[in-house]
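protein-v1.txt (compact mmCIF, C-alpha atoms)
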# COMPACT_ATOMS: atom_id res chain seq x y z
CA MET A 770 -0.60 148.14 -17.55
CA ILE A 771 -3.25 149.35 -15.12
CA PRO A 772 -2.29 148.54 -11.53
CA LEU A 773 -4.85 146.15 -10.01
CA ASP A 774 -3.49 145.93 -6.47
CA ARG A 775 -6.61 147.73 -5.18
CA TYR A 776 -8.53 144.46 -5.65
CA PRO A 777 -10.33 142.64 -4.18
CA LYS A 778 -12.24 145.70 -3.04
CA ASP A 779 -15.00 145.57 -0.45
CA ILE A 780 -17.92 147.96 -0.90
CA THR A 781 -20.89 148.70 1.33
CA LEU A 782 -24.28 148.84 -0.34
CA ARG A 783 -27.14 151.15 0.55
CA ASP A 784 -28.85 148.43 2.56
CA GLY A 785 -25.73 148.06 4.71
CA THR A 786 -24.72 144.73 3.19
CA HIS A 787 -21.42 144.17 1.42
CA ALA A 788 -20.18 143.17 -2.00
CA VAL A 789 -16.67 142.53 -3.32
CA LEU A 790 -15.29 143.89 -6.57
CA ARG A 791 -12.44 142.16 -8.37
CA PRO A 792 -11.19 141.43 -11.88
CA MET A 793 -12.56 138.34 -13.56
CA ILE A 794 -10.34 135.26 -13.56
CA PRO A 795 -10.67 132.07 -15.67
CA GLY A 796 -12.36 130.23 -12.81
CA ASP A 797 -15.30 132.67 -12.86
CA ALA A 798 -16.84 131.35 -16.08
CA GLU A 799 -19.74 129.46 -14.55
CA CYS A 800 -20.80 132.09 -12.03
CA LEU A 801 -20.59 134.78 -14.71
CA TRP A 802 -22.70 132.65 -17.05
CA ASN A 803 -25.29 132.19 -14.29
CA PHE A 804 -25.42 135.95 -13.90
CA LEU A 805 -25.70 136.66 -17.63
CA ARG A 806 -28.35 134.10 -18.46
CA ARG A 807 -30.66 135.57 -15.80
CA LEU A 808 -30.47 139.10 -17.16
CA PRO A 809 -33.46 140.60 -18.98
CA GLU A 810 -33.17 140.25 -22.75
CA ILE A 811 -32.77 143.96 -23.31
CA ASP A 812 -29.64 144.02 -21.13
CA LYS A 813 -28.00 141.43 -23.36
CA SER A 814 -28.71 143.23 -26.63
CA HIS A 815 -25.18 144.56 -27.12
CA PHE A 816 -23.46 141.17 -27.02
CA HIS A 817 -22.25 139.80 -30.38
CA GLU A 818 -22.32 136.25 -29.04
CA ASP A 819 -24.99 134.16 -27.35
CA VAL A 820 -24.21 134.66 -23.65
CA ASP A 821 -26.90 132.18 -22.66
CA ARG A 822 -24.45 129.46 -23.72
CA LEU A 823 -21.86 128.42 -21.14
CA GLU A 824 -19.38 127.72 -23.96
CA THR A 825 -19.41 131.39 -24.90
CA VAL A 826 -18.50 132.57 -21.43
CA GLU A 827 -15.94 129.77 -21.02
CA GLY A 828 -14.28 130.99 -24.21
CA TRP A 829 -14.00 134.51 -22.74
CA ALA A 830 -12.60 133.15 -19.50
CA LYS A 831 -9.87 131.24 -21.32
CA SER A 832 -8.75 134.26 -23.34
CA LEU A 833 -8.85 137.06 -20.78
CA ASP A 834 -6.68 140.01 -21.80
CA TYR A 835 -6.97 142.84 -19.32
CA GLU A 836 -5.23 145.26 -21.67
CA SER A 837 -8.06 145.06 -24.17
CA ALA A 838 -11.01 144.10 -21.93
CA LEU A 839 -10.87 144.39 -18.15
CA PRO A 840 -14.01 142.90 -16.56
CA ILE A 841 -14.61 143.79 -12.92
CA LEU A 842 -17.14 141.53 -11.22
CA ALA A 843 -19.25 142.32 -8.15
CA PHE A 844 -19.76 139.34 -5.85
CA ARG A 845 -22.20 138.76 -3.01
CA GLY A 846 -20.76 135.57 -1.57
CA ASP A 847 -20.23 133.26 -4.56
CA ARG A 848 -22.80 134.97 -6.71
CA VAL A 849 -21.99 137.53 -9.40
CA VAL A 850 -24.46 140.42 -9.06
CA GLY A 851 -22.87 142.93 -11.41
CA THR A 852 -20.16 143.40 -13.99
CA VAL A 853 -18.44 146.37 -15.53
CA THR A 854 -15.93 146.02 -18.36
CA LEU A 855 -13.44 148.55 -19.64
CA HIS A 856 -12.73 147.94 -23.33
CA ARG A 857 -9.66 149.53 -24.88
CA ASN A 858 -7.86 149.52 -28.22
CA ARG A 859 -4.10 149.17 -28.00
CA THR A 860 -3.59 151.02 -31.26
CA GLY A 861 -5.54 153.15 -33.66
CA TRP A 862 -7.39 156.41 -33.53
CA LYS A 863 -9.55 155.45 -30.52
CA GLN A 864 -6.77 154.15 -28.30
CA ARG A 865 -7.45 156.92 -25.80
CA VAL A 866 -11.14 156.09 -25.51
CA GLY A 867 -12.29 153.43 -23.06
CA VAL A 868 -15.71 151.90 -23.63
CA VAL A 869 -17.58 151.03 -20.45
CA ARG A 870 -20.32 148.41 -20.25
CA ILE A 871 -22.19 147.85 -17.00
CA LEU A 872 -24.68 145.15 -16.11
CA ILE A 873 -26.46 144.77 -12.76
CA ALA A 874 -28.65 141.87 -11.65
CA PRO A 875 -32.30 143.06 -11.50
CA ASP A 876 -32.66 142.05 -7.83
CA HIS A 877 -29.57 144.09 -6.92
CA ARG A 878 -30.45 147.41 -8.50
CA HIS A 879 -30.86 150.68 -6.57
CA LEU A 880 -28.30 149.52 -4.00
CA GLY A 881 -25.40 151.59 -5.31
CA ILE A 882 -23.55 148.80 -7.11
CA GLY A 883 -23.69 150.58 -10.47
CA THR A 884 -22.42 153.82 -9.01
CA ALA A 885 -19.59 152.00 -7.24
CA MET A 886 -18.64 150.33 -10.50
CA ILE A 887 -18.65 153.63 -12.37
CA ARG A 888 -16.30 155.03 -9.72
CA GLU A 889 -13.97 152.11 -10.39
CA MET A 890 -14.06 152.78 -14.11
CA ARG A 891 -13.25 156.46 -13.57
CA HIS A 892 -10.30 155.48 -11.42
CA LEU A 893 -9.05 152.84 -13.85
CA GLY A 894 -9.59 155.17 -16.80
CA GLU A 895 -7.39 157.80 -15.17
CA LYS A 896 -4.74 155.20 -14.38
CA ALA A 897 -4.83 154.04 -18.01
CA ALA A 898 -4.29 157.66 -19.13
CA LEU A 899 -7.41 157.61 -21.24
CA ASN A 900 -8.90 160.81 -22.62
CA TYR A 901 -12.52 159.66 -22.48
CA LEU A 902 -14.74 156.99 -21.08
CA LEU A 903 -17.64 156.19 -23.39
CA ALA A 904 -20.86 154.44 -22.42
CA GLU A 905 -23.68 153.34 -24.74
CA VAL A 906 -27.07 152.79 -23.15
CA ILE A 907 -30.47 151.97 -24.56
CA GLU A 908 -32.63 155.03 -23.88
CA GLU A 909 -35.25 153.11 -21.88
CA GLN A 910 -32.62 152.33 -19.26
CA GLN A 911 -33.08 155.71 -17.62
CA SER A 912 -31.68 154.68 -14.23
CA ALA A 913 -28.40 153.83 -15.93
CA VAL A 914 -28.36 157.11 -17.87
CA ARG A 915 -29.02 159.11 -14.69
CA ALA A 916 -26.36 157.26 -12.69
CA LEU A 917 -23.80 157.84 -15.42
CA GLU A 918 -24.69 161.53 -15.62
CA ARG A 919 -24.41 161.92 -11.85
CA MET A 920 -20.91 160.49 -12.08
CA GLY A 921 -19.76 162.98 -14.70
CA PHE A 922 -20.81 161.39 -17.98
CA GLU A 923 -22.48 163.77 -20.41
CA LYS A 924 -24.89 162.90 -23.20
CA ALA A 925 -23.01 163.28 -26.46
CA ALA A 926 -25.62 161.91 -28.85
CA VAL A 927 -28.89 160.05 -29.12
CA TYR A 928 -29.18 157.85 -32.18
CA ARG A 929 -32.83 157.16 -32.93
CA ASN A 930 -34.00 153.63 -33.84
CA PHE A 931 -30.35 152.70 -34.01
CA VAL A 932 -29.93 149.34 -32.25
CA ASN A 933 -32.08 146.26 -32.16
CA ASP A 934 -32.64 143.86 -29.31
CA ARG A 935 -32.58 140.10 -29.74
CA GLY A 936 -36.30 140.21 -30.59
CA GLY A 937 -35.59 142.54 -33.49
CA HIS A 938 -37.18 145.64 -31.91
CA LEU A 939 -35.42 148.95 -32.51
CA HIS A 940 -34.31 151.22 -29.70
CA ASN A 941 -32.74 154.63 -29.34
CA LEU A 942 -29.09 154.52 -28.30
CA VAL A 943 -27.71 157.14 -25.91
CA VAL A 944 -23.97 157.76 -26.10
CA LEU A 945 -22.40 159.35 -23.03
CA LEU A 946 -18.84 160.59 -22.63
CA HIS A 947 -16.76 161.25 -19.53
CA PRO A 948 -13.71 163.44 -20.23
CA MET A 949 -10.70 162.40 -18.18
CA SER A 950 -8.15 164.71 -16.62
CA GLY A 951 -5.50 163.88 -19.22
CA LEU A 952 -7.61 165.31 -22.02
CA GLU A 953 -6.78 168.98 -21.46
CA LYS A 954 -3.08 168.22 -21.47
CA GLU A 955 -3.33 166.52 -24.85
CA MET A 956 -5.55 168.91 -26.74
CA TYR A 957 -3.78 170.73 -29.54
CA PHE A 958 -4.49 171.90 -33.08
CA MET B 1277 -17.50 176.08 10.28
CA ASN B 1278 -19.44 174.88 13.32
CA CYS B 1279 -21.82 171.99 12.92
CA PRO B 1280 -25.33 173.41 13.06
CA ILE B 1281 -26.43 170.48 15.18
CA CYS B 1282 -23.88 170.26 17.94
CA GLY B 1283 -21.78 173.35 17.39
CA TRP B 1284 -18.78 171.11 17.01
CA GLU B 1285 -16.06 172.15 14.64
CA HIS B 1286 -16.07 169.00 12.56
CA PHE B 1287 -13.07 169.84 10.42
CA PRO B 1288 -9.78 168.34 11.68
CA ALA B 1289 -8.33 171.75 12.56
CA GLY B 1290 -11.32 172.53 14.76
CA GLY B 1291 -11.97 172.99 18.41
CA GLY B 1292 -14.63 171.70 20.76
CA ARG B 1293 -15.32 168.10 21.49
CA ARG B 1294 -18.96 168.44 22.40
CA THR B 1295 -21.12 165.99 20.55
CA ILE B 1296 -24.40 166.90 22.20
CA SER B 1297 -26.12 170.16 21.28
CA ALA B 1298 -27.66 172.60 23.73
CA LYS B 1299 -31.02 170.97 22.97
CA GLY B 1300 -29.63 167.60 24.01
CA GLU B 1301 -29.58 166.22 20.47
CA ALA B 1302 -26.65 163.97 19.55
CA CYS B 1303 -24.72 165.04 16.48
CA PRO B 1304 -25.77 162.74 13.64
CA TYR B 1305 -22.37 163.00 12.01
CA ARG B 1306 -20.53 161.75 15.05
CA GLY B 1307 -18.60 158.59 14.33
CA THR B 1308 -19.02 158.84 10.56
CA ALA B 1309 -16.02 158.85 8.26
CA TYR B 1310 -14.97 162.27 6.95
CA THR B 1311 -17.23 163.91 9.52
CA GLY B 1312 -16.23 167.47 8.72
CA LEU B 1313 -16.54 167.06 4.98
CA ARG B 1314 -20.00 165.52 5.25
CA ALA B 1315 -21.27 168.06 7.76
CA GLY B 1316 -19.75 170.89 5.72
CA HIS B 1317 -21.35 169.60 2.54
CA ASP B 1318 -24.78 169.29 4.11
CA GLN B 1319 -24.62 172.70 5.72
CA ILE B 1320 -24.32 174.12 2.19
CA TYR B 1321 -26.71 171.61 0.66
CA PHE B 1322 -29.51 172.57 3.05
CA GLY B 1323 -28.46 176.22 3.21
CA ARG B 1324 -30.63 179.28 2.93
CA TRP B 1325 -29.13 180.21 -0.43
CA ARG B 1326 -31.43 177.69 -2.14
CA ARG B 1327 -34.60 179.25 -0.85
CA MET B 1328 -36.86 181.57 -2.80
CA ASP B 1329 -36.30 184.36 -0.26
CA ALA B 1330 -32.52 183.98 -0.22
CA THR B 1331 -30.50 187.19 -0.21
CA SER B 1332 -27.12 188.07 -1.66
CA ILE B 1333 -25.74 187.68 1.87
CA ASP B 1334 -26.98 184.08 1.95
CA LEU B 1335 -25.28 183.40 -1.37
CA ARG B 1336 -22.03 185.01 -0.27
CA ARG B 1337 -22.08 182.97 2.92
CA ALA B 1338 -22.63 179.78 0.93
CA CYS B 1339 -19.72 180.66 -1.37
CA HIS B 1340 -17.42 181.20 1.59
CA GLN B 1341 -18.55 177.90 3.10
CA MET B 1342 -17.91 176.19 -0.22
CA GLU B 1343 -14.46 177.73 -0.45
CA ARG B 1344 -13.62 176.35 2.93
CA LEU B 1345 -15.09 172.93 2.16
CA LEU B 1346 -12.98 172.67 -0.99
CA ARG B 1347 -9.87 173.61 0.99
CA GLU B 1348 -10.59 170.87 3.50
CA ILE B 1349 -11.22 168.36 0.73
CA ALA B 1350 -7.93 169.34 -0.92
CA GLY B 1351 -6.15 168.66 2.36
CA VAL B 1352 -7.62 165.18 2.60
CA LEU B 1353 -6.85 164.38 -1.05
CA GLU B 1354 -3.16 165.14 -0.55
CA THR B 1355 -2.65 161.70 0.94
CA GLU B 1356 -4.93 159.77 -1.43
CA ASP B 1357 -4.21 158.34 -4.88
CA LEU B 1358 -7.50 159.41 -6.46
CA PRO B 1359 -6.90 161.21 -9.77
CA ALA B 1360 -10.60 161.25 -10.68
CA ALA B 1361 -11.41 162.92 -7.35
CA ARG B 1362 -8.66 165.50 -7.88
CA SER B 1363 -10.09 166.27 -11.28
CA ASP B 1364 -13.55 166.78 -9.76
CA LEU B 1365 -12.10 169.02 -7.07
CA GLY B 1366 -10.61 171.16 -9.82
CA LYS B 1367 -13.99 171.36 -11.51
CA ALA B 1368 -15.62 172.33 -8.21
CA ALA B 1369 -13.12 175.15 -7.77
CA GLU B 1370 -13.75 176.32 -11.32
CA ALA B 1371 -17.50 176.31 -10.79
CA LEU B 1372 -17.11 178.24 -7.54
CA ARG B 1373 -14.99 180.86 -9.30
CA ALA B 1374 -17.69 181.17 -11.95
CA ALA B 1375 -20.27 181.66 -9.19
CA GLY B 1376 -18.45 184.92 -8.65
CA GLN B 1377 -18.27 184.94 -4.89
CA GLY B 1378 -21.74 186.27 -4.23
CA GLU B 1379 -22.81 187.84 -7.51
CA GLU B 1380 -26.57 187.64 -7.69
CA GLY B 1381 -28.55 185.90 -10.38
CA PRO B 1382 -29.56 182.41 -11.51
CA GLU B 1383 -26.15 181.79 -13.07
CA ALA B 1384 -24.40 182.16 -9.72
CA LEU B 1385 -26.84 179.74 -8.12
CA ARG B 1386 -26.31 177.24 -10.91
CA TYR B 1387 -22.52 177.38 -10.63
CA LEU B 1388 -22.64 177.04 -6.85
CA ASP B 1389 -24.91 174.02 -7.26
CA HIS B 1390 -22.41 172.54 -9.74
CA ALA B 1391 -19.56 173.14 -7.30
CA LEU B 1392 -21.51 171.38 -4.56
CA SER B 1393 -22.26 168.44 -6.86
CA TYR B 1394 -18.59 168.02 -7.69
CA ALA B 1395 -17.69 168.24 -4.00
CA HIS B 1396 -20.30 165.59 -3.23
CA ARG B 1397 -18.78 163.33 -5.85
CA VAL B 1398 -15.30 163.75 -4.35
CA ILE B 1399 -16.62 162.90 -0.89
CA GLY B 1400 -18.26 159.86 -2.47
CA ASP B 1401 -14.93 158.78 -3.98
CA LEU B 1402 -13.21 159.13 -0.59
CA LEU B 1403 -15.90 157.03 1.09
CA HIS B 1404 -15.78 154.47 -1.72
CA GLU B 1405 -12.03 154.05 -1.17
CA LYS B 1406 -12.78 153.08 2.41
CA GLY B 1407 -15.47 150.63 1.27
CA LEU B 1408 -18.23 152.84 2.64
CA PRO B 1409 -21.49 153.83 0.95
CA PRO B 1410 -21.77 157.30 -0.61
CA HIS B 1411 -22.87 160.19 1.56
CA SER B 1412 -26.59 160.81 1.25
CA PRO B 1413 -27.72 164.21 2.52
CA GLY B 1414 -31.25 162.86 2.68
CA ASP B 1415 -30.22 160.70 5.64
CA PHE B 1416 -29.59 163.91 7.60
CA ALA B 1417 -32.45 165.98 6.21
CA GLY B 1418 -34.46 165.83 9.43
CA TRP B 1419 -31.72 167.71 11.27
CA TYR B 1420 -31.96 170.60 8.85
CA ASP B 1421 -35.72 170.80 8.78
CA ALA B 1422 -35.57 170.32 5.01
CA ALA B 1423 -38.82 170.01 3.08
CA GLU B 1424 -37.39 167.83 0.34
CA VAL B 1425 -34.18 166.32 -0.93
CA PRO B 1426 -33.33 166.97 -4.60
CA PHE B 1427 -31.96 163.54 -5.53
CA ARG B 1428 -31.52 159.98 -4.40
CA GLU B 1429 -29.26 157.10 -5.31
CA ASP B 1430 -30.77 155.41 -8.32
CA TRP B 1431 -28.50 152.58 -9.47
Serialized structure, structure tokens:
Amino acid sequence: MIPLDRYPKDITLRDGTHAVLRPMIPGDAECLWNFLRRLPEIDKSHFHEDVDRLETVEGWAKSLDYESALPILAFRGDRVVGTVTLHRNRTGWKQRVGVVRILIAPDHRHLGIGTAMIREMRHLGEKAALNYLLAEVIEEQQSAVRALERMGFEKAAVYRNFVNDRGGHLHNLVVLLHPMSGLEKEMYF
Amino acid sequence: MNCPICGWEHFPAGGGRRTISAKGEACPYRGTAYTGLRAGHDQIYFGRWRRMDATSIDLRRACHQMERLLREIAGVLETEDLPAARSDLGKAAEALRAAGQGEEGPEALRYLDHALSYAHRVIGDLLHEKGLPPHSPGDFAGWYDAAEVPFREDW
């Protein structure tokens, strides 16, 4: 179990204002839905479900399981302005790989929220004794790719015309990996 | 390492308490968290070793400054539960070793730049733990008479 006593966590943004980071709780369904439905379509491409429906987000809120998906929300007052989720497998060959998905409200970009959230994921990934953090980003989202690279993620692959958005258009997918400190201890032949 | 602005030894083990330079300028790092680490980082970041006319002496000086900065960072990290930052500090030390303590050539410059980037990330983690924004050398560029700043916060 990852210790979560560091939350709620206050952060200062580049404009001097503040936001609060904390894990999602069941009562956050509506404010998360309001955040998701306002995102550009391309940001929602990776979701399997229709996140424009409140019922979808309510379903997530009722079945939160931090061991398999730990969503950290960024709040400005009562408004969700960003989310980052650490997805893990309890068993299987990828149990040491945490998948990171970050979303930032368009009117709150370039303020340092994404970078702060990546820092949280690096910390939580170390605490979870993961070997890697993995992020998948559509290639057009260059700000996200650069922020991830500045925080230690490295491009592992670019899959051309690999994913489609909700309009059916194909995009290149960039896969980035962040090796964690536990990796060297575990490597063996 | 004396602050180039006020001459103040910003690291905790340091000396003078002056916060005004001989020119009458107030030290821009005064009152900021992790003063010594930030000033130490920027002294390297804006150092002569990056310039086209840099000499091997400039590079050696930068390596010594980096060595000291990493030592100071290690001291601060002793009391913090930040495994990611510790890992980055290790990578910074590795990069500095690869820079070869003043060996000339583009490889040495590249490794020193890597070491500085890792150090910057650790400082960022320390500030983040206190709820503060990351350190941006660009905010202090005017004090170093720097022509340009290589990067800015993007996301």
Using all atoms listed in the file and a distance of at most 9 Å, pull out the residues of chain B that contact chain A, as a PyMOL selection string.
chain B and resi 1358-1364+1393-1394+1397+1400-1401+1404-1410+1429-1431
What is the distance, in Å and to one decimal place, between atom CA of B:Thr1331 and atom CA of B:Ala1369?
22.5 Å
A:Arg935 surroundings by only C-alpha atoms, 9 Å radius, close-in-sequence under 4 positions cut, as a VMD selection string
chain A and resid 810 to 811 813 to 814
Counting all atoms listed in the file, figure out which residue out of A:Val826, A:Tyr835, A:Asp847, A:Asp812 gets nearest to A:Glu908.
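Checking each of A:Val826, A:Tyr835, A:Asp847, A:Asp812 against A:Glu908, counting all atoms listed in the file, the winner is A:Asp812.
Distance-wise, atom CA of B:Tyr1321 and atom CA of B:Pro1413 end up 7.7 Å apart.
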Using only C-alpha atoms, determine which residues lie at most 8 Å from A:Val820, disregarding the query and same-chain residues fewer than 4 positions distant; provide the list as a list in words.
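So the residues in contact are Trp802, Leu805, Arg806, Lys813, Phe816, Thr825 and Val826 of chain A.
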Around stretch 818-824 of chain A, with edges along x, y and z and 5 Å added on all six sides, what centre and edge lengths do you get, in Å to one decimal, as JSON?
{"center_x": -23.1, "center_y": 132.0, "center_z": -25.1, "size_x": 17.5, "size_y": 18.5, "size_z": 17.9}
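The coordinates place atom CA of A:Glu923 at 27.5 Å from atom CA of B:Leu1335.
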Neighbouring residues of B:Thr1308 were defined as those with any atom within 10 Å, considering only C-alpha atoms; residues of the same chain fewer than 6 positions away were excluded. Please report them as a PyMOL selection string.
chain B and resi 1314-1315+1408+1411
Given the choices A:Gly828, A:Gly936, A:Pro840, A:Pro809, which gets closest to A:Val868 if the distance is worked out from only C-alpha atoms?
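Residue with the minimum atom-to-atom distance to A:Val868: A:Pro840.
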Check the smallest atom-to-atom distance from each of B:Cys1339, B:Leu1372, B:Ala1309, B:Cys1303 to B:Val1352 using all atoms listed in the file, then report the winner.
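Using all atoms listed in the file, the shortest distance to B:Val1352 belongs to B:Ala1309.
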At a cut-off of 12 Å around the point (-33.0, 180.1, 1.2) (file coordinates), what residues fall inside when counting only C-alpha atoms? I'd like the answer as an MDAnalysis selection string.
chainID B and resid 1320:1335 1337:1338 1385 1422:1423
Export C-alpha atoms of stretch 873-887 of chain A from the structure just given, as an mmCIF file, in the first residue's frame?
data_model
loop_
_atom_site.group_PDB
_atom_site.id
_atom_site.type_symbol
_atom_site.label_atom_id
_atom_site.label_comp_id
_atom_site.auth_asym_id
_atom_site.auth_seq_id
_atom_site.Cartn_x
_atom_site.Cartn_y
_atom_site.Cartn_z
ATOM 1 C CA ILE A 873 -4.597 19.413 -17.468
ATOM 2 C CA ALA A 874 -7.414 21.890 -18.080
ATOM 3 C CA PRO A 875 -6.529 24.033 -21.136
ATOM 4 C CA ASP A 876 -6.854 27.294 -19.165
ATOM 5 C CA HIS A 877 -4.432 25.996 -16.531
ATOM 6 C CA ARG A 878 -1.547 24.910 -18.728
ATOM 7 C CA HIS A 879 1.978 26.360 -18.543
ATOM 8 C CA LEU A 880 1.541 27.025 -14.822
ATOM 9 C CA GLY A 881 3.569 24.059 -13.609
ATOM 10 C CA ILE A 882 0.656 21.811 -12.638
ATOM 11 C CA GLY A 883 1.751 19.022 -14.979
ATOM 12 C CA THR A 884 5.312 19.116 -13.712
ATOM 13 C CA ALA A 885 4.107 19.048 -10.103
ATOM 14 C CA MET A 886 1.941 16.045 -10.891
ATOM 15 C CA ILE A 887 4.813 14.216 -12.550
#
